[in-house]
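Source file: input-v2.cif. Holds: mmCIF, C-alpha atoms, pLDDT in the B column; chains and numbers go by the auth columns.
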```
data_work
loop_
_atom_site.group_PDB
_atom_site.id
_atom_site.type_symbol
_atom_site.label_atom_id
_atom_site.label_comp_id
_atom_site.label_asym_id
_atom_site.label_seq_id
_atom_site.Cartn_x
_atom_site.Cartn_y
_atom_site.Cartn_z
_atom_site.B_iso_or_equiv
_atom_site.auth_seq_id
_atom_site.auth_asym_id
ATOM 1 C CA MET A 1 13.156 8.958 3.592 48.00 2 N
ATOM 2 C CA GLN A 2 11.441 5.593 3.437 43.00 3 N
ATOM 3 C CA GLY A 3 9.525 6.285 6.594 43.00 4 N
ATOM 4 C CA ARG A 4 7.966 9.331 5.003 45.00 5 N
ATOM 5 C CA PHE A 5 6.830 7.437 1.938 46.00 6 N
ATOM 6 C CA ILE A 6 5.333 4.204 3.306 46.00 7 N
ATOM 7 C CA PRO A 7 2.657 3.668 4.357 50.00 8 N
ATOM 8 C CA LEU A 8 0.312 6.368 3.083 50.00 9 N
ATOM 9 C CA ALA A 9 -2.724 7.704 4.892 50.00 10 N
ATOM 10 C CA ILE A 10 -4.805 6.293 2.038 52.00 11 N
ATOM 11 C CA ALA A 11 -3.660 2.798 2.991 56.00 12 N
ATOM 12 C CA THR A 12 -4.826 3.271 6.557 52.00 13 N
ATOM 13 C CA ALA A 13 -8.166 4.618 5.371 52.00 14 N
ATOM 14 C CA ILE A 14 -8.717 1.675 3.047 53.00 15 N
ATOM 15 C CA LEU A 15 -7.850 -0.937 5.636 52.00 16 N
ATOM 16 C CA THR A 16 -9.858 0.620 8.472 52.00 17 N
ATOM 17 C CA THR A 17 -13.072 1.834 6.806 52.00 18 N
ATOM 18 C CA ALA A 18 -13.706 -0.529 3.918 52.00 19 N
ATOM 19 C CA HIS A 19 -17.113 -2.116 3.514 51.00 20 N
ATOM 20 C CA PHE A 20 -18.856 -3.633 0.545 54.00 21 N
ATOM 21 C CA SER A 21 -22.394 -3.698 -0.716 47.00 22 N
ATOM 22 C CA VAL A 22 -23.852 -5.737 -3.559 46.00 23 N
ATOM 23 C CA ALA A 23 -27.003 -3.778 -4.312 40.00 24 N
ATOM 24 C CA GLU A 24 -27.883 -5.179 -7.742 40.00 25 N
ATOM 25 C CA ASP A 25 -27.355 -8.848 -7.019 40.00 26 N
ATOM 26 C CA THR A 26 -29.871 -11.030 -8.868 35.00 27 N
ATOM 27 C CA SER A 27 -28.521 -14.406 -7.732 36.00 28 N
ATOM 28 C CA PRO A 28 -30.770 -16.612 -5.597 33.00 29 N
ATOM 29 C CA ALA A 29 -30.488 -16.179 -1.835 37.00 30 N
ATOM 30 C CA VAL A 30 -29.219 -19.027 0.271 44.00 31 N
ATOM 31 C CA THR A 31 -31.747 -18.553 3.079 49.00 32 N
ATOM 32 C CA ALA A 32 -35.041 -20.425 3.090 49.00 33 N
ATOM 33 C CA SER A 33 -37.003 -17.182 3.307 49.00 34 N
ATOM 34 C CA GLY A 34 -35.342 -15.759 0.220 54.00 35 N
ATOM 35 C CA ALA A 35 -33.641 -12.945 2.123 59.00 36 N
ATOM 36 C CA LYS A 36 -30.094 -11.963 1.376 67.00 37 N
ATOM 37 C CA THR A 37 -27.429 -12.974 3.854 91.00 38 N
ATOM 38 C CA VAL A 38 -24.698 -10.816 5.403 92.00 39 N
ATOM 39 C CA ALA A 39 -20.991 -11.707 5.450 94.00 40 N
ATOM 40 C CA VAL A 40 -17.792 -10.150 6.759 93.00 41 N
ATOM 41 C CA VAL A 41 -14.300 -9.808 5.295 94.00 42 N
ATOM 42 C CA ASP A 42 -10.970 -8.854 6.840 93.00 43 N
ATOM 43 C CA VAL A 43 -9.698 -6.394 4.227 93.00 44 N
ATOM 44 C CA GLY A 44 -6.385 -5.941 5.999 92.00 45 N
ATOM 45 C CA ARG A 45 -5.665 -9.671 5.837 93.00 46 N
ATOM 46 C CA VAL A 46 -6.685 -9.812 2.191 96.00 47 N
ATOM 47 C CA PHE A 47 -4.099 -7.127 1.402 96.00 48 N
ATOM 48 C CA LYS A 48 -1.422 -8.938 3.413 95.00 49 N
ATOM 49 C CA GLU A 49 -2.089 -12.278 1.713 96.00 50 N
ATOM 50 C CA TYR A 50 -2.583 -10.819 -1.782 97.00 51 N
ATOM 51 C CA LYS A 51 0.667 -12.018 -3.361 95.00 52 N
ATOM 52 C CA LEU A 52 0.632 -9.651 -6.334 95.00 53 N
ATOM 53 C CA PHE A 53 0.058 -6.652 -4.079 96.00 54 N
ATOM 54 C CA GLU A 54 2.853 -7.701 -1.722 96.00 55 N
ATOM 55 C CA SER A 55 5.322 -8.145 -4.590 95.00 56 N
ATOM 56 C CA GLN A 56 4.421 -4.788 -6.134 96.00 57 N
ATOM 57 C CA LEU A 57 4.667 -3.034 -2.776 96.00 58 N
ATOM 58 C CA ALA A 58 8.040 -4.678 -2.170 97.00 59 N
ATOM 59 C CA ALA A 59 9.221 -3.368 -5.557 96.00 60 N
ATOM 60 C CA ILE A 60 8.275 0.177 -4.552 96.00 61 N
ATOM 61 C CA LYS A 61 10.120 -0.216 -1.248 96.00 62 N
ATOM 62 C CA ARG A 62 13.220 -1.431 -3.095 97.00 63 N
ATOM 63 C CA ASP A 63 13.091 1.621 -5.335 97.00 64 N
ATOM 64 C CA VAL A 64 12.751 3.826 -2.263 96.00 65 N
ATOM 65 C CA LYS A 65 15.815 2.177 -0.733 97.00 66 N
ATOM 66 C CA ARG A 66 17.846 2.658 -3.910 96.00 67 N
ATOM 67 C CA SER A 67 16.843 6.308 -4.021 96.00 68 N
ATOM 68 C CA GLU A 68 17.830 6.751 -0.381 96.00 69 N
ATOM 69 C CA ILE A 69 21.266 5.342 -1.140 96.00 70 N
ATOM 70 C CA LYS A 70 21.700 7.779 -4.032 95.00 71 N
ATOM 71 C CA ILE A 71 20.685 10.712 -1.836 96.00 72 N
ATOM 72 C CA THR A 72 23.031 9.555 0.929 96.00 73 N
ATOM 73 C CA ASN A 73 25.915 9.367 -1.543 96.00 74 N
ATOM 74 C CA ALA A 74 25.103 12.825 -2.868 95.00 75 N
ATOM 75 C CA ARG A 75 25.089 14.227 0.653 95.00 76 N
ATOM 76 C CA SER A 76 28.429 12.579 1.341 96.00 77 N
ATOM 77 C CA THR A 77 29.832 14.380 -1.686 95.00 78 N
ATOM 78 C CA ILE A 78 28.558 17.661 -0.306 95.00 79 N
ATOM 79 C CA GLU A 79 30.210 16.983 3.051 96.00 80 N
ATOM 80 C CA GLN A 80 33.489 16.383 1.246 95.00 81 N
ATOM 81 C CA LEU A 81 33.136 19.726 -0.528 94.00 82 N
ATOM 82 C CA LYS A 82 32.460 21.422 2.799 94.00 83 N
ATOM 83 C CA ARG A 83 35.625 19.949 4.276 95.00 84 N
ATOM 84 C CA ARG A 84 37.618 21.095 1.279 94.00 85 N
ATOM 85 C CA ALA A 85 36.145 24.568 1.598 94.00 86 N
ATOM 86 C CA ALA A 86 37.096 24.679 5.270 94.00 87 N
ATOM 87 C CA GLU A 87 40.716 24.052 4.283 94.00 88 N
ATOM 88 C CA THR A 88 40.809 27.035 1.949 94.00 89 N
ATOM 89 C CA VAL A 89 41.226 30.704 2.721 94.00 90 N
ATOM 90 C CA PRO A 90 37.829 32.386 3.269 93.00 91 N
ATOM 91 C CA GLY A 91 37.104 34.816 0.490 92.00 92 N
ATOM 92 C CA SER A 92 39.560 33.224 -1.920 94.00 93 N
ATOM 93 C CA PRO A 93 38.377 32.221 -5.410 94.00 94 N
ATOM 94 C CA GLN A 94 38.727 28.529 -4.538 95.00 95 N
ATOM 95 C CA HIS A 95 36.756 28.920 -1.297 94.00 96 N
ATOM 96 C CA THR A 96 34.016 30.896 -3.051 95.00 97 N
ATOM 97 C CA LYS A 97 33.776 28.293 -5.819 95.00 98 N
ATOM 98 C CA LEU A 98 33.462 25.427 -3.342 95.00 99 N
ATOM 99 C CA ILE A 99 30.824 27.210 -1.254 95.00 100 N
ATOM 100 C CA GLU A 100 28.798 27.975 -4.379 96.00 101 N
ATOM 101 C CA SER A 101 29.079 24.326 -5.454 95.00 102 N
ATOM 102 C CA VAL A 102 27.841 23.174 -2.034 95.00 103 N
ATOM 103 C CA ALA A 103 24.839 25.503 -2.189 96.00 104 N
ATOM 104 C CA GLU A 104 23.978 24.424 -5.721 96.00 105 N
ATOM 105 C CA GLN A 105 24.182 20.702 -4.951 95.00 106 N
ATOM 106 C CA GLN A 106 22.155 21.094 -1.758 96.00 107 N
ATOM 107 C CA LYS A 107 19.447 22.801 -3.768 96.00 108 N
ATOM 108 C CA GLU A 108 19.500 19.984 -6.331 96.00 109 N
ATOM 109 C CA ILE A 109 19.201 17.337 -3.622 95.00 110 N
ATOM 110 C CA GLN A 110 16.235 19.093 -2.031 96.00 111 N
ATOM 111 C CA ALA A 111 14.482 19.197 -5.413 96.00 112 N
ATOM 112 C CA ARG A 112 15.256 15.513 -6.065 95.00 113 N
ATOM 113 C CA VAL A 113 13.995 14.451 -2.648 95.00 114 N
ATOM 114 C CA ALA A 114 10.744 16.381 -3.113 96.00 115 N
ATOM 115 C CA GLU A 115 10.254 14.908 -6.593 96.00 116 N
ATOM 116 C CA MET A 116 10.954 11.355 -5.453 95.00 117 N
ATOM 117 C CA LYS A 117 8.618 11.722 -2.486 95.00 118 N
ATOM 118 C CA VAL A 118 5.741 12.751 -4.748 97.00 119 N
ATOM 119 C CA ASP A 119 6.560 9.993 -7.224 97.00 120 N
ATOM 120 C CA PHE A 120 6.641 7.226 -4.619 96.00 121 N
ATOM 121 C CA MET A 121 3.496 8.483 -2.895 96.00 122 N
ATOM 122 C CA ASN A 122 1.654 8.533 -6.223 97.00 123 N
ATOM 123 C CA ARG A 123 2.885 5.049 -7.126 97.00 124 N
ATOM 124 C CA GLU A 124 1.803 3.682 -3.782 97.00 125 N
ATOM 125 C CA ALA A 125 -1.564 5.426 -3.965 97.00 126 N
ATOM 126 C CA ARG A 126 -2.220 3.899 -7.397 97.00 127 N
ATOM 127 C CA LEU A 127 -1.179 0.473 -6.114 97.00 128 N
ATOM 128 C CA TYR A 128 -3.529 0.618 -3.133 97.00 129 N
ATOM 129 C CA ALA A 129 -6.379 1.944 -5.288 97.00 130 N
ATOM 130 C CA ASN A 130 -5.952 -0.759 -7.937 96.00 131 N
ATOM 131 C CA THR A 131 -5.620 -3.468 -5.312 96.00 132 N
ATOM 132 C CA TYR A 132 -8.715 -2.277 -3.501 96.00 133 N
ATOM 133 C CA ARG A 133 -10.708 -2.383 -6.745 96.00 134 N
ATOM 134 C CA ASN A 134 -9.541 -5.955 -7.311 96.00 135 N
ATOM 135 C CA VAL A 135 -10.619 -6.871 -3.786 97.00 136 N
ATOM 136 C CA GLN A 136 -14.005 -5.236 -4.344 96.00 137 N
ATOM 137 C CA ARG A 137 -14.523 -7.252 -7.524 96.00 138 N
ATOM 138 C CA ALA A 138 -13.548 -10.470 -5.760 97.00 139 N
ATOM 139 C CA VAL A 139 -15.933 -9.743 -2.901 97.00 140 N
ATOM 140 C CA ALA A 140 -18.753 -8.935 -5.317 96.00 141 N
ATOM 141 C CA GLU A 141 -18.099 -12.102 -7.320 96.00 142 N
ATOM 142 C CA TYR A 142 -18.192 -14.325 -4.259 96.00 143 N
ATOM 143 C CA ALA A 143 -21.224 -12.511 -2.831 95.00 144 N
ATOM 144 C CA ARG A 144 -23.272 -12.855 -6.004 94.00 145 N
ATOM 145 C CA ASP A 145 -22.362 -16.524 -6.357 94.00 146 N
ATOM 146 C CA ASN A 146 -23.431 -17.236 -2.779 93.00 147 N
ATOM 147 C CA GLY A 147 -26.550 -15.127 -2.335 92.00 148 N
ATOM 148 C CA ILE A 148 -24.876 -12.522 -0.114 93.00 149 N
ATOM 149 C CA GLY A 149 -26.383 -9.050 -0.199 93.00 150 N
ATOM 150 C CA ILE A 150 -24.027 -7.116 2.071 93.00 151 N
ATOM 151 C CA VAL A 151 -20.398 -7.645 3.066 94.00 152 N
ATOM 152 C CA LEU A 152 -19.081 -5.748 6.075 92.00 153 N
ATOM 153 C CA ARG A 153 -15.527 -5.190 7.163 89.00 154 N
ATOM 154 C CA ASP A 154 -14.260 -7.114 10.173 86.00 155 N
ATOM 155 C CA MET A 155 -10.888 -7.804 11.800 79.00 156 N
ATOM 156 C CA ALA A 156 -9.983 -11.358 12.687 72.00 157 N
ATOM 157 C CA SER A 157 -7.106 -10.420 14.986 71.00 158 N
ATOM 158 C CA GLU A 158 -7.613 -10.661 18.713 79.00 159 N
ATOM 159 C CA ILE A 159 -7.382 -7.615 20.963 82.00 160 N
ATOM 160 C CA ASN A 160 -4.024 -7.269 22.671 84.00 161 N
ATOM 161 C CA PRO A 161 -4.679 -5.783 26.139 85.00 162 N
ATOM 162 C CA ALA A 162 -1.074 -4.582 26.320 90.00 163 N
ATOM 163 C CA ASP A 163 -1.381 -2.595 23.082 87.00 164 N
ATOM 164 C CA ARG A 164 -3.471 0.588 23.327 90.00 165 N
ATOM 165 C CA ASP A 165 -3.965 0.839 19.556 86.00 166 N
ATOM 166 C CA SER A 166 -5.108 -2.778 19.413 79.00 167 N
ATOM 167 C CA VAL A 167 -7.615 -2.171 22.196 85.00 168 N
ATOM 168 C CA LEU A 168 -9.006 0.981 20.566 85.00 169 N
ATOM 169 C CA LYS A 169 -9.390 -0.766 17.214 80.00 170 N
ATOM 170 C CA GLY A 170 -11.030 -3.727 18.890 79.00 171 N
ATOM 171 C CA VAL A 171 -13.627 -1.825 20.885 82.00 172 N
ATOM 172 C CA ASN A 172 -14.487 0.266 17.821 78.00 173 N
ATOM 173 C CA ARG A 173 -15.123 -2.672 15.542 79.00 174 N
ATOM 174 C CA SER A 174 -18.367 -2.515 13.620 76.00 175 N
ATOM 175 C CA ILE A 175 -18.937 -6.249 14.045 79.00 176 N
ATOM 176 C CA VAL A 176 -19.446 -7.421 17.621 78.00 177 N
ATOM 177 C CA PHE A 177 -20.339 -11.020 16.742 77.00 178 N
ATOM 178 C CA GLN A 178 -20.413 -13.174 13.645 79.00 179 N
ATOM 179 C CA ASP A 179 -20.815 -16.906 13.328 82.00 180 N
ATOM 180 C CA ASN A 180 -19.287 -18.579 10.276 83.00 181 N
ATOM 181 C CA ALA A 181 -19.877 -15.476 8.139 89.00 182 N
ATOM 182 C CA ASP A 182 -16.232 -14.683 7.352 90.00 183 N
ATOM 183 C CA ILE A 183 -15.453 -14.921 3.623 94.00 184 N
ATOM 184 C CA THR A 184 -11.856 -13.664 3.858 95.00 185 N
ATOM 185 C CA ASP A 185 -10.254 -16.973 2.858 95.00 186 N
ATOM 186 C CA ALA A 186 -12.457 -17.208 -0.225 96.00 187 N
ATOM 187 C CA VAL A 187 -11.655 -13.620 -1.256 97.00 188 N
ATOM 188 C CA VAL A 188 -7.917 -14.209 -0.825 97.00 189 N
ATOM 189 C CA GLU A 189 -8.179 -17.312 -3.005 97.00 190 N
ATOM 190 C CA ILE A 190 -10.049 -15.391 -5.709 97.00 191 N
ATOM 191 C CA VAL A 191 -7.647 -12.426 -5.928 97.00 192 N
ATOM 192 C CA ASN A 192 -4.587 -14.685 -5.967 96.00 193 N
ATOM 193 C CA SER A 193 -6.017 -17.056 -8.573 94.00 194 N
ATOM 194 C CA LYS A 194 -7.001 -14.159 -10.829 91.00 195 N
ATOM 195 C CA ALA A 195 -3.525 -12.662 -10.460 90.00 196 N
ATOM 196 C CA VAL A 196 -2.018 -15.969 -11.596 89.00 197 N
ATOM 197 C CA GLU A 197 -4.380 -16.094 -14.585 84.00 198 N
ATOM 198 C CA GLU A 198 -3.573 -12.518 -15.606 80.00 199 N
ATOM 199 C CA THR A 199 0.157 -13.165 -15.262 77.00 200 N
ATOM 200 C CA ALA A 200 -0.142 -16.268 -17.429 77.00 201 N
ATOM 201 C CA LYS A 201 -2.049 -14.332 -20.089 75.00 202 N
ATOM 202 C CA GLY A 202 0.517 -11.578 -20.055 68.00 203 N
ATOM 203 C CA ALA A 203 3.545 -13.886 -20.268 49.00 204 N
ATOM 204 C CA PRO A 204 3.400 -14.468 -24.075 40.00 205 N
ATOM 205 C CA ARG A 205 3.227 -10.728 -24.733 39.00 206 N
ATOM 206 C CA ALA A 206 6.249 -10.168 -22.516 34.00 207 N
ATOM 207 C CA GLU A 207 8.238 -12.818 -24.378 36.00 208 N
ATOM 208 C CA LYS A 208 7.603 -11.141 -27.742 41.00 209 N
ATOM 209 C CA ARG A 209 9.271 -7.909 -26.635 35.00 210 N
#
```
Starting from the file, give its structure as structure tokens.
Amino acid sequence: MQGRFIPLAIATAILTTAHFSVAEDTSPAVTASGAKTVAVVDVGRVFKEYKLFESQLAAIKRDVKRSEIKITNARSTIEQLKRRAAETVPGSPQHTKLIESVAEQQKEIQARVAEMKVDFMNREARLYANTYRNVQRAVAEYARDNGIGIVLRDMASEINPADRDSVLKGVNRSIVFQDNADITDAVVEIVNSKAVEETAKGAPRAEKR
């Protein structure tokens, strides 16, 4: 079941198509001519190194695992009922009762699985959306502070010739060359520092409960 829940298509879309633009920036440009500069950011690496995101995603995965265990146990119970039914006389009241119980519990499990799948997909979608917004704000903050007008997505990882997917992603990169324009480290530092600040602000409220 976990494989069906994580990751979502939305995660792939975010990490492969993200780009940022700071259109209303009024901060001074860093170039002598007054023109805005262009930078790049590895959104995938920001997500991977965003500690709050990783911990929240891990929590979802733990919940998925716990749910899988519950479903597995429920299915084991059904198998036990099937074995008991096989030991009874077909058509007898006991056999009929066991078969009906099996059918009812199978139906319940199917409904629970469908409900949990939707719940976990929605939770993960909200997590990716919220995280992406935080990354956007961090990128915009850094860009405005440093006279950057446009931030494009780039991948820092090298192409692995033995991996077809890696090669395809590499040759389809939007950025062919950049020289000292990567702001990924700065963005990672911003999102993690803000997460620490927000956690610290929220701690007193949690203690009062």
**Study point:** Residues near stretch 133-140 of chain N, cut-off 7 Å, all atoms listed in the file, skip fewer than 5 positions along chain, as number ranges by chain
**Key:** N: 188, 191-192
Write the selection just made, keeping C-alpha atoms, as a compact mmCIF listing (two decimals), keeping the file's coordinate frame?
```txt
# COMPACT_ATOMS: atom_id res chain seq x y z
CA VAL N 188 -11.66 -13.62 -1.26
CA ILE N 191 -10.05 -15.39 -5.71
CA VAL N 192 -7.65 -12.43 -5.93
```
Practice item. Give me, please, the distance in Å between atom CA of N:Lys98 and atom CA of N:Thr78, quoted to one decimal. Key: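 These atoms are spaced 15.0 Å apart.
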Exercise for review: Dump as a ChimeraX atom specification all residues having an atom at most 10 Å from (-7.2, -5.2, 0.7), computed in the file's coordinates with only C-alpha atoms.
Suggested key: /N:12,15-16,19,42-51,54,129-137,188-189,192
Only C-alpha atoms, please: the residues just picked out, written as a short mmCIF file (atom, residue, chain, number, x, y, z; two decimals), in the coordinates of the input.
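Done, and the output landed in out27.cif:
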```cif
data_model
loop_
_atom_site.label_atom_id
_atom_site.label_comp_id
_atom_site.auth_asym_id
_atom_site.auth_seq_id
_atom_site.Cartn_x
_atom_site.Cartn_y
_atom_site.Cartn_z
CA ALA N 12 -3.66 2.80 2.99
CA ILE N 15 -8.72 1.68 3.05
CA LEU N 16 -7.85 -0.94 5.64
CA ALA N 19 -13.71 -0.53 3.92
CA VAL N 42 -14.30 -9.81 5.30
CA ASP N 43 -10.97 -8.85 6.84
CA VAL N 44 -9.70 -6.39 4.23
CA GLY N 45 -6.38 -5.94 6.00
CA ARG N 46 -5.66 -9.67 5.84
CA VAL N 47 -6.68 -9.81 2.19
CA PHE N 48 -4.10 -7.13 1.40
CA LYS N 49 -1.42 -8.94 3.41
CA GLU N 50 -2.09 -12.28 1.71
CA TYR N 51 -2.58 -10.82 -1.78
CA PHE N 54 0.06 -6.65 -4.08
CA TYR N 129 -3.53 0.62 -3.13
CA ALA N 130 -6.38 1.94 -5.29
CA ASN N 131 -5.95 -0.76 -7.94
CA THR N 132 -5.62 -3.47 -5.31
CA TYR N 133 -8.72 -2.28 -3.50
CA ARG N 134 -10.71 -2.38 -6.74
CA ASN N 135 -9.54 -5.96 -7.31
CA VAL N 136 -10.62 -6.87 -3.79
CA GLN N 137 -14.00 -5.24 -4.34
CA VAL N 188 -11.66 -13.62 -1.26
CA VAL N 189 -7.92 -14.21 -0.82
CA VAL N 192 -7.65 -12.43 -5.93
#
```
Practice item. Go through N:Glu109, N:Glu88, N:Glu198, N:Glu125 and flag the residue nearest N:Ala75, using all atoms listed in the file for the distances. Key: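 Ranking N:Glu109, N:Glu88, N:Glu198, N:Glu125 by distance to N:Ala75, first place goes to N:Glu109.
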Selected by the PyMOL selection byres ((chain N and resi 114) around 12) in the shown coordinates: which residues, as a CSV table (one decimal) with C-alpha atoms, in the frame of the given file?
```csv
chain,number,residue,atom,x,y,z
N,2,MET,CA,13.2,9.0,3.6
N,3,GLN,CA,11.4,5.6,3.4
N,5,ARG,CA,8.0,9.3,5.0
N,6,PHE,CA,6.8,7.4,1.9
N,65,VAL,CA,12.8,3.8,-2.3
N,68,SER,CA,16.8,6.3,-4.0
N,69,GLU,CA,17.8,6.8,-0.4
N,70,ILE,CA,21.3,5.3,-1.1
N,71,LYS,CA,21.7,7.8,-4.0
N,72,ILE,CA,20.7,10.7,-1.8
N,73,THR,CA,23.0,9.6,0.9
N,75,ALA,CA,25.1,12.8,-2.9
N,76,ARG,CA,25.1,14.2,0.7
N,107,GLN,CA,22.2,21.1,-1.8
N,108,LYS,CA,19.4,22.8,-3.8
N,109,GLU,CA,19.5,20.0,-6.3
N,110,ILE,CA,19.2,17.3,-3.6
N,111,GLN,CA,16.2,19.1,-2.0
N,112,ALA,CA,14.5,19.2,-5.4
N,113,ARG,CA,15.3,15.5,-6.1
N,115,ALA,CA,10.7,16.4,-3.1
N,116,GLU,CA,10.3,14.9,-6.6
N,117,MET,CA,11.0,11.4,-5.5
N,118,LYS,CA,8.6,11.7,-2.5
N,119,VAL,CA,5.7,12.8,-4.7
N,120,ASP,CA,6.6,10.0,-7.2
N,121,PHE,CA,6.6,7.2,-4.6
```
Practice item. Kindly give the distance, in Å, that separates atom CA of N:Ile61 and atom CA of N:Asp155, rounded to a single decimal. Key: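 We find that atom CA of N:Ile61 and atom CA of N:Asp155 lie 27.9 Å from each other.
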